[in-house]
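A.B. asks: So here's target-v3.tsv (TSV, C-alpha atoms).
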chain	number	residue	atom	x	y	z
A	1	MET	CA	0.00	0.00	0.00
A	2	LYS	CA	1.25	3.45	-0.91
A	3	ILE	CA	0.47	6.44	1.33
A	4	ILE	CA	0.80	9.97	-0.02
A	5	VAL	CA	0.58	12.93	2.36
A	6	THR	CA	0.12	16.39	0.86
A	7	ASP	CA	0.42	19.79	2.50
A	8	THR	CA	-3.13	20.88	1.62
A	9	PRO	CA	-6.50	19.36	0.69
A	10	ASP	CA	-6.29	20.88	-2.79
A	11	GLN	CA	-3.02	19.07	-3.41
A	12	ALA	CA	-4.64	15.80	-2.30
A	13	PHE	CA	-7.54	16.35	-4.69
A	14	GLN	CA	-5.12	17.11	-7.52
A	15	ARG	CA	-3.13	13.93	-6.92
A	16	ALA	CA	-6.32	11.87	-7.03
A	17	ALA	CA	-7.61	13.60	-10.16
A	18	ASP	CA	-4.26	13.05	-11.88
A	19	MET	CA	-4.39	9.33	-11.08
A	20	ILE	CA	-7.90	9.04	-12.51
A	21	ALA	CA	-6.87	10.97	-15.61
A	22	GLU	CA	-3.87	8.66	-16.00
A	23	GLU	CA	-6.23	5.67	-15.83
A	24	ILE	CA	-8.47	7.14	-18.52
A	25	ARG	CA	-5.59	7.99	-20.85
A	26	GLY	CA	-3.86	4.66	-20.29
A	27	SER	CA	-6.73	2.39	-21.37
A	28	GLN	CA	-8.71	2.04	-24.57
A	29	ALA	CA	-11.85	1.28	-22.55
A	30	PRO	CA	-11.31	2.57	-19.00
A	31	VAL	CA	-13.73	1.45	-16.29
A	32	LEU	CA	-13.92	3.65	-13.21
A	33	GLY	CA	-15.53	3.05	-9.85
A	34	LEU	CA	-16.63	6.47	-8.58
A	35	ALA	CA	-17.49	7.83	-5.15
A	36	THR	CA	-19.50	10.86	-4.08
A	37	GLY	CA	-19.40	13.46	-1.32
A	38	ARG	CA	-17.79	16.82	-0.72
A	39	THR	CA	-14.25	15.51	-1.21
A	40	MET	CA	-15.21	14.00	-4.55
A	41	GLU	CA	-16.81	17.25	-5.76
A	42	SER	CA	-13.36	18.83	-5.87
A	43	ILE	CA	-11.92	15.84	-7.74
A	44	CYS	CA	-14.76	15.95	-10.27
A	45	ARG	CA	-14.18	19.66	-10.80
A	46	LEU	CA	-10.51	19.04	-11.60
A	47	LEU	CA	-11.41	16.29	-14.08
A	48	VAL	CA	-13.93	18.58	-15.77
A	49	GLN	CA	-11.25	21.25	-16.04
A	50	GLN	CA	-8.96	18.80	-17.85
A	51	HIS	CA	-11.81	17.82	-20.15
A	52	ASP	CA	-12.61	21.48	-20.92
A	53	ALA	CA	-8.95	22.10	-21.67
A	54	GLY	CA	-9.06	19.33	-24.27
A	55	THR	CA	-6.59	17.09	-22.42
A	56	LEU	CA	-9.01	14.42	-21.15
A	57	ASN	CA	-11.42	12.42	-23.29
A	58	PHE	CA	-14.23	10.51	-21.56
A	59	SER	CA	-15.83	9.11	-24.72
A	60	GLY	CA	-14.57	5.56	-24.11
A	61	THR	CA	-15.01	5.61	-20.33
A	62	THR	CA	-17.53	3.57	-18.38
A	63	SER	CA	-18.21	4.28	-14.72
A	64	PHE	CA	-19.96	2.54	-11.84
A	65	ASN	CA	-20.88	4.38	-8.66
A	66	LEU	CA	-20.20	2.92	-5.25
A	67	ASP	CA	-23.58	3.54	-3.72
A	68	GLU	CA	-27.01	5.16	-3.74
A	69	TYR	CA	-29.76	5.87	-1.24
A	70	VAL	CA	-32.83	3.64	-1.28
A	71	GLY	CA	-36.06	5.52	-1.96
A	72	LEU	CA	-34.67	8.61	-3.68
A	73	PRO	CA	-35.52	8.95	-7.38
A	74	PRO	CA	-32.69	9.96	-9.75
A	75	THR	CA	-34.16	13.45	-9.99
A	76	ASP	CA	-33.94	14.04	-6.23
A	77	PRO	CA	-31.20	16.62	-5.53
A	78	ASN	CA	-29.87	14.41	-2.71
A	79	SER	CA	-29.60	11.26	-4.82
A	80	TYR	CA	-26.19	10.22	-6.05
A	81	SER	CA	-27.61	9.88	-9.56
A	82	HIS	CA	-28.34	13.60	-9.46
A	83	TYR	CA	-24.93	14.26	-7.88
A	84	MET	CA	-23.11	12.55	-10.71
A	85	GLN	CA	-25.07	14.44	-13.35
A	86	GLU	CA	-24.46	17.75	-11.62
A	87	HIS	CA	-20.75	17.31	-10.91
A	88	LEU	CA	-19.46	15.16	-13.77
A	89	PHE	CA	-21.69	13.52	-16.39
A	90	SER	CA	-23.29	16.72	-17.72
A	91	HIS	CA	-19.89	18.37	-18.14
A	92	VAL	CA	-17.89	15.72	-20.00
A	93	ASN	CA	-18.25	13.69	-23.18
A	94	MET	CA	-19.06	10.35	-21.56
A	95	PRO	CA	-21.88	8.88	-23.67
A	96	ALA	CA	-25.28	8.50	-22.03
A	97	GLY	CA	-25.68	5.05	-20.58
A	98	GLN	CA	-22.00	4.57	-19.74
A	99	GLY	CA	-22.29	6.15	-16.30
A	100	HIS	CA	-23.95	3.65	-13.96
A	101	VAL	CA	-25.47	4.24	-10.53
A	102	VAL	CA	-26.91	1.22	-8.75
A	103	ASP	CA	-30.67	1.22	-8.10
A	104	LEU	CA	-33.31	-1.26	-7.03
A	105	ASP	CA	-34.77	-1.43	-10.52
A	106	ALA	CA	-31.41	-2.54	-11.91
A	107	GLU	CA	-31.05	-5.12	-9.11
A	108	CYS	CA	-27.81	-5.74	-7.29
A	109	VAL	CA	-27.00	-8.99	-9.11
A	110	ARG	CA	-27.36	-7.31	-12.48
A	111	TYR	CA	-25.13	-4.43	-11.32
A	112	GLU	CA	-22.39	-6.92	-10.52
A	113	ALA	CA	-22.93	-8.56	-13.92
A	114	ALA	CA	-22.65	-5.18	-15.65
A	115	ILE	CA	-19.31	-4.52	-13.95
A	116	ARG	CA	-18.01	-7.90	-15.13
A	117	ALA	CA	-19.33	-7.31	-18.64
A	118	ALA	CA	-17.45	-4.01	-18.80
A	119	GLY	CA	-14.21	-5.85	-18.03
A	120	GLY	CA	-14.10	-5.17	-14.28
A	121	LEU	CA	-13.18	-2.01	-12.43
A	122	GLY	CA	-9.84	-0.54	-13.44
A	123	LEU	CA	-9.62	2.15	-10.76
A	124	GLN	CA	-11.93	2.48	-7.78
A	125	LEU	CA	-12.07	5.86	-6.05
A	126	LEU	CA	-12.93	5.71	-2.35
A	127	GLY	CA	-13.63	7.94	0.61
A	128	ILE	CA	-13.89	6.85	4.23
A	129	GLY	CA	-16.80	7.44	6.58
A	130	GLU	CA	-16.75	8.03	10.32
A	131	THR	CA	-17.65	4.36	10.93
A	132	GLY	CA	-14.67	3.35	8.80
A	133	HIS	CA	-16.86	2.38	5.89
A	134	ILE	CA	-15.91	2.37	2.23
A	135	GLY	CA	-18.96	2.69	0.05
A	136	PHE	CA	-21.81	2.19	2.52
A	137	ASN	CA	-20.27	-0.98	3.94
A	138	GLU	CA	-21.25	-0.33	7.54
A	139	PRO	CA	-19.81	-2.45	10.36
A	140	PRO	CA	-19.65	-5.34	10.20
A	141	SER	CA	-19.27	-5.99	6.46
A	142	ALA	CA	-17.81	-9.23	5.21
A	143	PHE	CA	-14.75	-8.81	3.03
A	144	ASP	CA	-16.37	-11.03	0.40
A	145	SER	CA	-19.65	-9.08	0.38
A	146	ARG	CA	-21.23	-8.09	-2.93
A	147	THR	CA	-23.50	-5.24	-4.05
A	148	ARG	CA	-26.50	-5.21	-1.73
A	149	VAL	CA	-28.98	-3.19	0.32
A	150	VAL	CA	-27.66	-2.10	3.73
A	151	HIS	CA	-29.06	-0.30	6.79
A	152	LEU	CA	-27.20	2.93	7.45
A	153	ASP	CA	-25.61	3.47	10.84
A	154	ASP	CA	-26.92	6.44	12.83
A	155	VAL	CA	-23.38	7.88	12.75
A	156	THR	CA	-23.42	7.82	8.95
A	157	ARG	CA	-26.88	9.38	8.78
A	158	ARG	CA	-25.68	12.19	11.04
A	159	GLN	CA	-22.50	12.63	8.98
A	160	ASN	CA	-24.51	12.90	5.76
A	161	SER	CA	-27.27	15.12	7.13
A	162	ALA	CA	-25.84	18.39	5.76
A	163	MET	CA	-27.47	17.68	2.41
A	164	PHE	CA	-30.78	17.00	4.16
A	165	GLY	CA	-31.21	20.27	6.04
A	166	ASP	CA	-28.93	19.07	8.87
A	167	ASP	CA	-31.66	16.66	9.92
A	168	PRO	CA	-30.40	13.06	10.27
A	169	GLU	CA	-34.00	11.83	10.35
A	170	ARG	CA	-34.41	12.93	6.73
A	171	VAL	CA	-31.44	10.82	5.58
A	172	PRO	CA	-32.74	7.52	4.18
A	173	GLU	CA	-32.31	4.58	6.52
A	174	ARG	CA	-31.20	2.23	3.74
A	175	ALA	CA	-28.78	2.41	0.84
A	176	LEU	CA	-27.36	0.27	-1.93
A	177	THR	CA	-23.63	-0.25	-1.97
A	178	MET	CA	-20.96	-2.18	-3.78
A	179	GLY	CA	-19.71	-4.85	-1.41
A	180	VAL	CA	-16.21	-4.94	0.03
A	181	GLY	CA	-15.51	-7.96	-2.17
A	182	THR	CA	-16.65	-6.03	-5.24
A	183	ILE	CA	-14.36	-3.13	-4.35
A	184	LEU	CA	-11.36	-5.38	-3.73
A	185	GLU	CA	-11.69	-6.84	-7.23
A	186	ALA	CA	-10.80	-3.47	-8.78
A	187	ARG	CA	-7.32	-3.50	-10.29
A	188	ARG	CA	-6.38	-0.31	-8.45
A	189	LEU	CA	-7.77	1.46	-5.36
A	190	VAL	CA	-7.40	5.16	-4.53
A	191	LEU	CA	-8.71	6.34	-1.15
A	192	VAL	CA	-8.79	10.07	-0.42
A	193	ALA	CA	-9.34	11.65	3.01
A	194	VAL	CA	-8.74	15.22	4.14
A	195	GLY	CA	-9.32	17.22	7.30
A	196	GLU	CA	-8.82	16.77	11.02
A	197	GLY	CA	-12.20	15.07	11.31
A	198	LYS	CA	-10.89	12.07	9.39
A	199	ALA	CA	-7.63	11.69	11.33
A	200	ALA	CA	-8.83	9.16	13.92
A	201	ILE	CA	-10.63	6.84	11.51
A	202	VAL	CA	-7.77	7.06	9.00
A	203	ASP	CA	-5.36	5.96	11.72
A	204	GLU	CA	-7.66	3.08	12.68
A	205	ALA	CA	-7.97	2.01	9.04
A	206	LEU	CA	-4.21	2.10	8.43
A	207	ASN	CA	-2.83	1.01	11.82
A	208	GLY	CA	-5.61	-0.94	13.49
A	209	PRO	CA	-6.36	-4.64	13.09
A	210	ILE	CA	-7.70	-5.70	9.72
A	211	ASN	CA	-11.28	-6.63	10.53
A	212	GLU	CA	-14.81	-6.48	9.18
A	213	ALA	CA	-15.87	-3.93	11.81
A	214	VAL	CA	-13.86	-1.30	9.86
A	215	SER	CA	-14.37	-2.08	6.20
A	216	ALA	CA	-11.68	0.39	5.10
A	217	THR	CA	-9.04	-1.88	6.65
A	218	ALA	CA	-9.70	-4.26	3.75
A	219	ILE	CA	-7.76	-2.06	1.36
A	220	ARG	CA	-4.57	-3.22	3.12
A	221	LEU	CA	-5.21	-6.62	1.55
A	222	HIS	CA	-5.12	-5.17	-1.96
A	223	ASP	CA	-2.06	-5.40	-4.20
A	224	ASP	CA	-2.36	-1.86	-5.61
A	225	ALA	CA	-3.91	0.56	-3.12
A	226	THR	CA	-2.98	4.21	-2.73
A	227	VAL	CA	-4.15	6.37	0.18
A	228	ILE	CA	-3.98	10.14	-0.35
A	229	LEU	CA	-4.18	12.31	2.78
A	230	ASP	CA	-3.61	15.92	3.65
A	231	GLU	CA	-1.54	16.76	6.72
A	232	ALA	CA	-4.58	17.13	8.96
A	233	ALA	CA	-6.03	13.72	8.08
A	234	ALA	CA	-2.59	12.12	8.45
A	235	ARG	CA	-1.81	13.65	11.87
A	236	ILE	CA	-2.57	10.66	14.13
A	237	TRP	CA	-1.27	8.11	11.63
A	238	ARG	CA	2.03	10.03	11.48
A	239	TYR	CA	2.25	10.06	15.28
A	240	HIS	CA	1.92	6.29	15.40
A	241	GLN	CA	4.60	5.92	12.74
A	242	GLY	CA	7.06	7.39	15.23
How would this structure read if it were set down as structure tokens?
C.D. replies:
Amino acid sequence: MKIIVTDTPDQAFQRAADMIAEEIRGSQAPVLGLATGRTMESICRLLVQQHDAGTLNFSGTTSFNLDEYVGLPPTDPNSYSHYMQEHLFSHVNMPAGQGHVVDLDAECVRYEAAIRAAGGLGLQLLGIGETGHIGFNEPPSAFDSRTRVVHLDDVTRRQNSAMFGDDPERVPERALTMGVGTILEARRLVLVAVGEGKAAIVDEALNGPINEAVSATAIRLHDDATVILDEAAARIWRYHQG
């Protein structure tokens, strides 16, 4: 596992965007696993800037999103389908139908089949939640788990409440998520975390025991995983490195 620590959040976002751009340019038919959230907004913006500058072509790219809330239609501003349209799909030349977000109509088994049919995930972008989850793989999540419906932890609902008027009760109780096993099958993993608020869970993910109670620890089992942190998110991890 490779760990990159940058001076600022913007530098962390740039490193992640550059790795995604490298993946797109380096494959005739790149397949990306994409995440959402405030951190990912900045990464999407940097990718759109490269596209607008004429240096990044999405026409051959296929993408699969990590997760989606249950019960929100794609037009809902808080759905991740809407998020992807707003922050990436509507700004780049990825053909309609090549950007996938899991939903109940598509069924979890068919989502897994679609990933396999596309050739598997080349690069999977990840964040980390306060419960240590990647995707919405709340504790405990088996390391061989597949795309499925999960019940969201109260901690996660509180963490995500900003988009729901700061009311955790408005955050859906259930979500769909790629499983940990699905994520680990990607050829390359890139996890990005910034800010002091992520320091404790980042340290637990990188230094704590590898276990299903913290699904992010699973990335340490992967052959090609990169973790990109800013100084604030890396603070406790650095301390434990001596």
A.B. asks: Write out as a ChimeraX atom specification the residues lying within 7 Å of range 139-152 of chain A, counting only C-alpha atoms and excluding same-chain residues fewer than 3 positions away.
C.D. replies: /A:108,112,156-157,173-182,212-215,218
A.B. asks: Quick one, how far is CA of Asp203 in chain A from CA of Ala12 in chain A?
C.D. replies: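 Result for CA of Asp203 in chain A versus CA of Ala12 in chain A: 17.1 Å, one decimal.
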A.B. asks: Point out the residue among A:Ile228, A:Ala106, A:Leu123, A:Ala162 with the least atom-to-atom distance to Arg38 in chain A, counting only C-alpha atoms.
C.D. replies: A:Ala162
A.B. asks: In file coordinates, which residues lie within 12 Å of (-13.8, 11.6, -23.8) using all atoms listed in the file, given as an mmCIF file with C-alpha atoms, keeping the file's coordinate frame?
C.D. replies:
data_model
loop_
_atom_site.group_PDB
_atom_site.id
_atom_site.type_symbol
_atom_site.label_atom_id
_atom_site.label_comp_id
_atom_site.auth_asym_id
_atom_site.auth_seq_id
_atom_site.Cartn_x
_atom_site.Cartn_y
_atom_site.Cartn_z
ATOM 1 C CA ALA A 21 -6.870 10.970 -15.610
ATOM 2 C CA ILE A 24 -8.470 7.140 -18.520
ATOM 3 C CA ARG A 25 -5.590 7.990 -20.850
ATOM 4 C CA SER A 27 -6.730 2.390 -21.370
ATOM 5 C CA GLN A 28 -8.710 2.040 -24.570
ATOM 6 C CA ALA A 29 -11.850 1.280 -22.550
ATOM 7 C CA PRO A 30 -11.310 2.570 -19.000
ATOM 8 C CA LEU A 47 -11.410 16.290 -14.080
ATOM 9 C CA VAL A 48 -13.930 18.580 -15.770
ATOM 10 C CA GLN A 50 -8.960 18.800 -17.850
ATOM 11 C CA HIS A 51 -11.810 17.820 -20.150
ATOM 12 C CA ASP A 52 -12.610 21.480 -20.920
ATOM 13 C CA ALA A 53 -8.950 22.100 -21.670
ATOM 14 C CA GLY A 54 -9.060 19.330 -24.270
ATOM 15 C CA THR A 55 -6.590 17.090 -22.420
ATOM 16 C CA LEU A 56 -9.010 14.420 -21.150
ATOM 17 C CA ASN A 57 -11.420 12.420 -23.290
ATOM 18 C CA PHE A 58 -14.230 10.510 -21.560
ATOM 19 C CA SER A 59 -15.830 9.110 -24.720
ATOM 20 C CA GLY A 60 -14.570 5.560 -24.110
ATOM 21 C CA THR A 61 -15.010 5.610 -20.330
ATOM 22 C CA THR A 62 -17.530 3.570 -18.380
ATOM 23 C CA PHE A 89 -21.690 13.520 -16.390
ATOM 24 C CA HIS A 91 -19.890 18.370 -18.140
ATOM 25 C CA VAL A 92 -17.890 15.720 -20.000
ATOM 26 C CA ASN A 93 -18.250 13.690 -23.180
ATOM 27 C CA MET A 94 -19.060 10.350 -21.560
ATOM 28 C CA PRO A 95 -21.880 8.880 -23.670
ATOM 29 C CA GLN A 98 -22.000 4.570 -19.740
#
A.B. asks: Return the single residue from A:Thr36, A:Thr217, A:Ser90, A:Asn65 that is closest to Leu184 in chain A, with distances computed using only C-alpha atoms.
C.D. replies: A:Thr217
A.B. asks: Near Ser161 in chain A, within 12 Å and counting only C-alpha atoms, which residues show up once chain neighbours fewer than 4 positions away are dropped, as number ranges by chain?
C.D. replies: A: 37, 78, 154-157, 165-173
A.B. asks: Please provide as a list in words all residues within 9 Å of Leu46 in chain A, with the sequence filter that same-chain residues fewer than 5 positions apart are discarded (counting all atoms listed in the file).
C.D. replies: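 My reading of the contact set: Phe13, Gln14, Ala17, Asp18, Glu41 and His51 of chain A.
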A.B. asks: For Val192 in chain A, which residue out of A:Leu121, A:Met40, A:Leu66, A:Ile20 is the nearest one, using only C-alpha atoms?
C.D. replies: A:Met40
A.B. asks: Measuring between all atoms listed in the file, which one of A:Glu204, A:Glu23, A:Asp105, A:Glu231 shows the shortest distance to Thr131 in chain A?
C.D. replies: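 Counting all atoms listed in the file, the residue closest to Thr131 in chain A is A:Glu204.
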A.B. asks: Please compute the CA of Glu196 in chain A-CA of Gly135 in chain A distance, one decimal, in Å.
C.D. replies: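 Here the two named atoms are 20.5 Å from each other.
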A.B. asks: Taking all atoms of range 176-183 of chain A that the file lists and extending 5 Å past them on each side, where is the centre of the axis-aligned box and how long are its edges? Answer in Å to one decimal, as lines of an AutoDock Vina configuration file.
C.D. replies:
center_x = -20.9
center_y = -3.8
center_z = -2.6
size_x = 23.0
size_y = 18.2
size_z = 15.3
A.B. asks: CA of Asn207 in chain A and CA of Leu189 in chain A, how far apart in Å?
C.D. replies: 17.9 Å
A.B. asks: Would you list the contacts of Ile128 in chain A as a ChimeraX atom specification, taking every protein, DNA or RNA residue within 8 Å and counting all atoms listed in the file, but skipping same-chain residues closer than 3 positions in sequence?
C.D. replies: /A:132-135,191-193,198,201-202,216
A.B. asks: Create the file for the chosen residues now, containing C-alpha atoms and written as an mmCIF file, in the coordinates of the input.
C.D. replies:
data_model
loop_
_atom_site.group_PDB
_atom_site.id
_atom_site.type_symbol
_atom_site.label_atom_id
_atom_site.label_comp_id
_atom_site.auth_asym_id
_atom_site.auth_seq_id
_atom_site.Cartn_x
_atom_site.Cartn_y
_atom_site.Cartn_z
ATOM 1 C CA GLY A 132 -14.670 3.350 8.800
ATOM 2 C CA HIS A 133 -16.860 2.380 5.890
ATOM 3 C CA ILE A 134 -15.910 2.370 2.230
ATOM 4 C CA GLY A 135 -18.960 2.690 0.050
ATOM 5 C CA LEU A 191 -8.710 6.340 -1.150
ATOM 6 C CA VAL A 192 -8.790 10.070 -0.420
ATOM 7 C CA ALA A 193 -9.340 11.650 3.010
ATOM 8 C CA LYS A 198 -10.890 12.070 9.390
ATOM 9 C CA ILE A 201 -10.630 6.840 11.510
ATOM 10 C CA VAL A 202 -7.770 7.060 9.000
ATOM 11 C CA ALA A 216 -11.680 0.390 5.100
#
A.B. asks: Using all atoms listed in the file, collect all residues at a distance of at most 9 Å from (-25.6, 11.7, -6.6) as written in the file, then present them as a ChimeraX atom specification.
C.D. replies: /A:36-37,65,67-69,74,76-87,101
A.B. asks: Residues within 8 Å of Gln124 in chain A, please, as a list in words. Count all atoms listed in the file; anything in the same chain fewer than 4 positions from it doesn't count.
C.D. replies: Leu32, Gly33, Leu34, Ile183, Ala186, Arg187, Arg188, Leu189 and Val190 of chain A
A.B. asks: How would the residues just chosen look if you wrote them out with C-alpha atoms as a PDB file, in the coordinates of the input?
C.D. replies:
ATOM      1  CA  LEU A  32     -13.920   3.650 -13.210  1.00  0.00           C
ATOM      2  CA  GLY A  33     -15.530   3.050  -9.850  1.00  0.00           C
ATOM      3  CA  LEU A  34     -16.630   6.470  -8.580  1.00  0.00           C
ATOM      4  CA  ILE A 183     -14.360  -3.130  -4.350  1.00  0.00           C
ATOM      5  CA  ALA A 186     -10.800  -3.470  -8.780  1.00  0.00           C
ATOM      6  CA  ARG A 187      -7.320  -3.500 -10.290  1.00  0.00           C
ATOM      7  CA  ARG A 188      -6.380  -0.310  -8.450  1.00  0.00           C
ATOM      8  CA  LEU A 189      -7.770   1.460  -5.360  1.00  0.00           C
ATOM      9  CA  VAL A 190      -7.400   5.160  -4.530  1.00  0.00           C
TER      10      VAL A 190
END
A.B. asks: I'd like to know which of A:Pro73, A:Gly26, A:Gly208, A:Gly122 is closest to His240 in chain A, using all atoms listed in the file.
C.D. replies: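 Of A:Pro73, A:Gly26, A:Gly208, A:Gly122, the one nearest His240 in chain A is A:Gly208, counting all atoms listed in the file.
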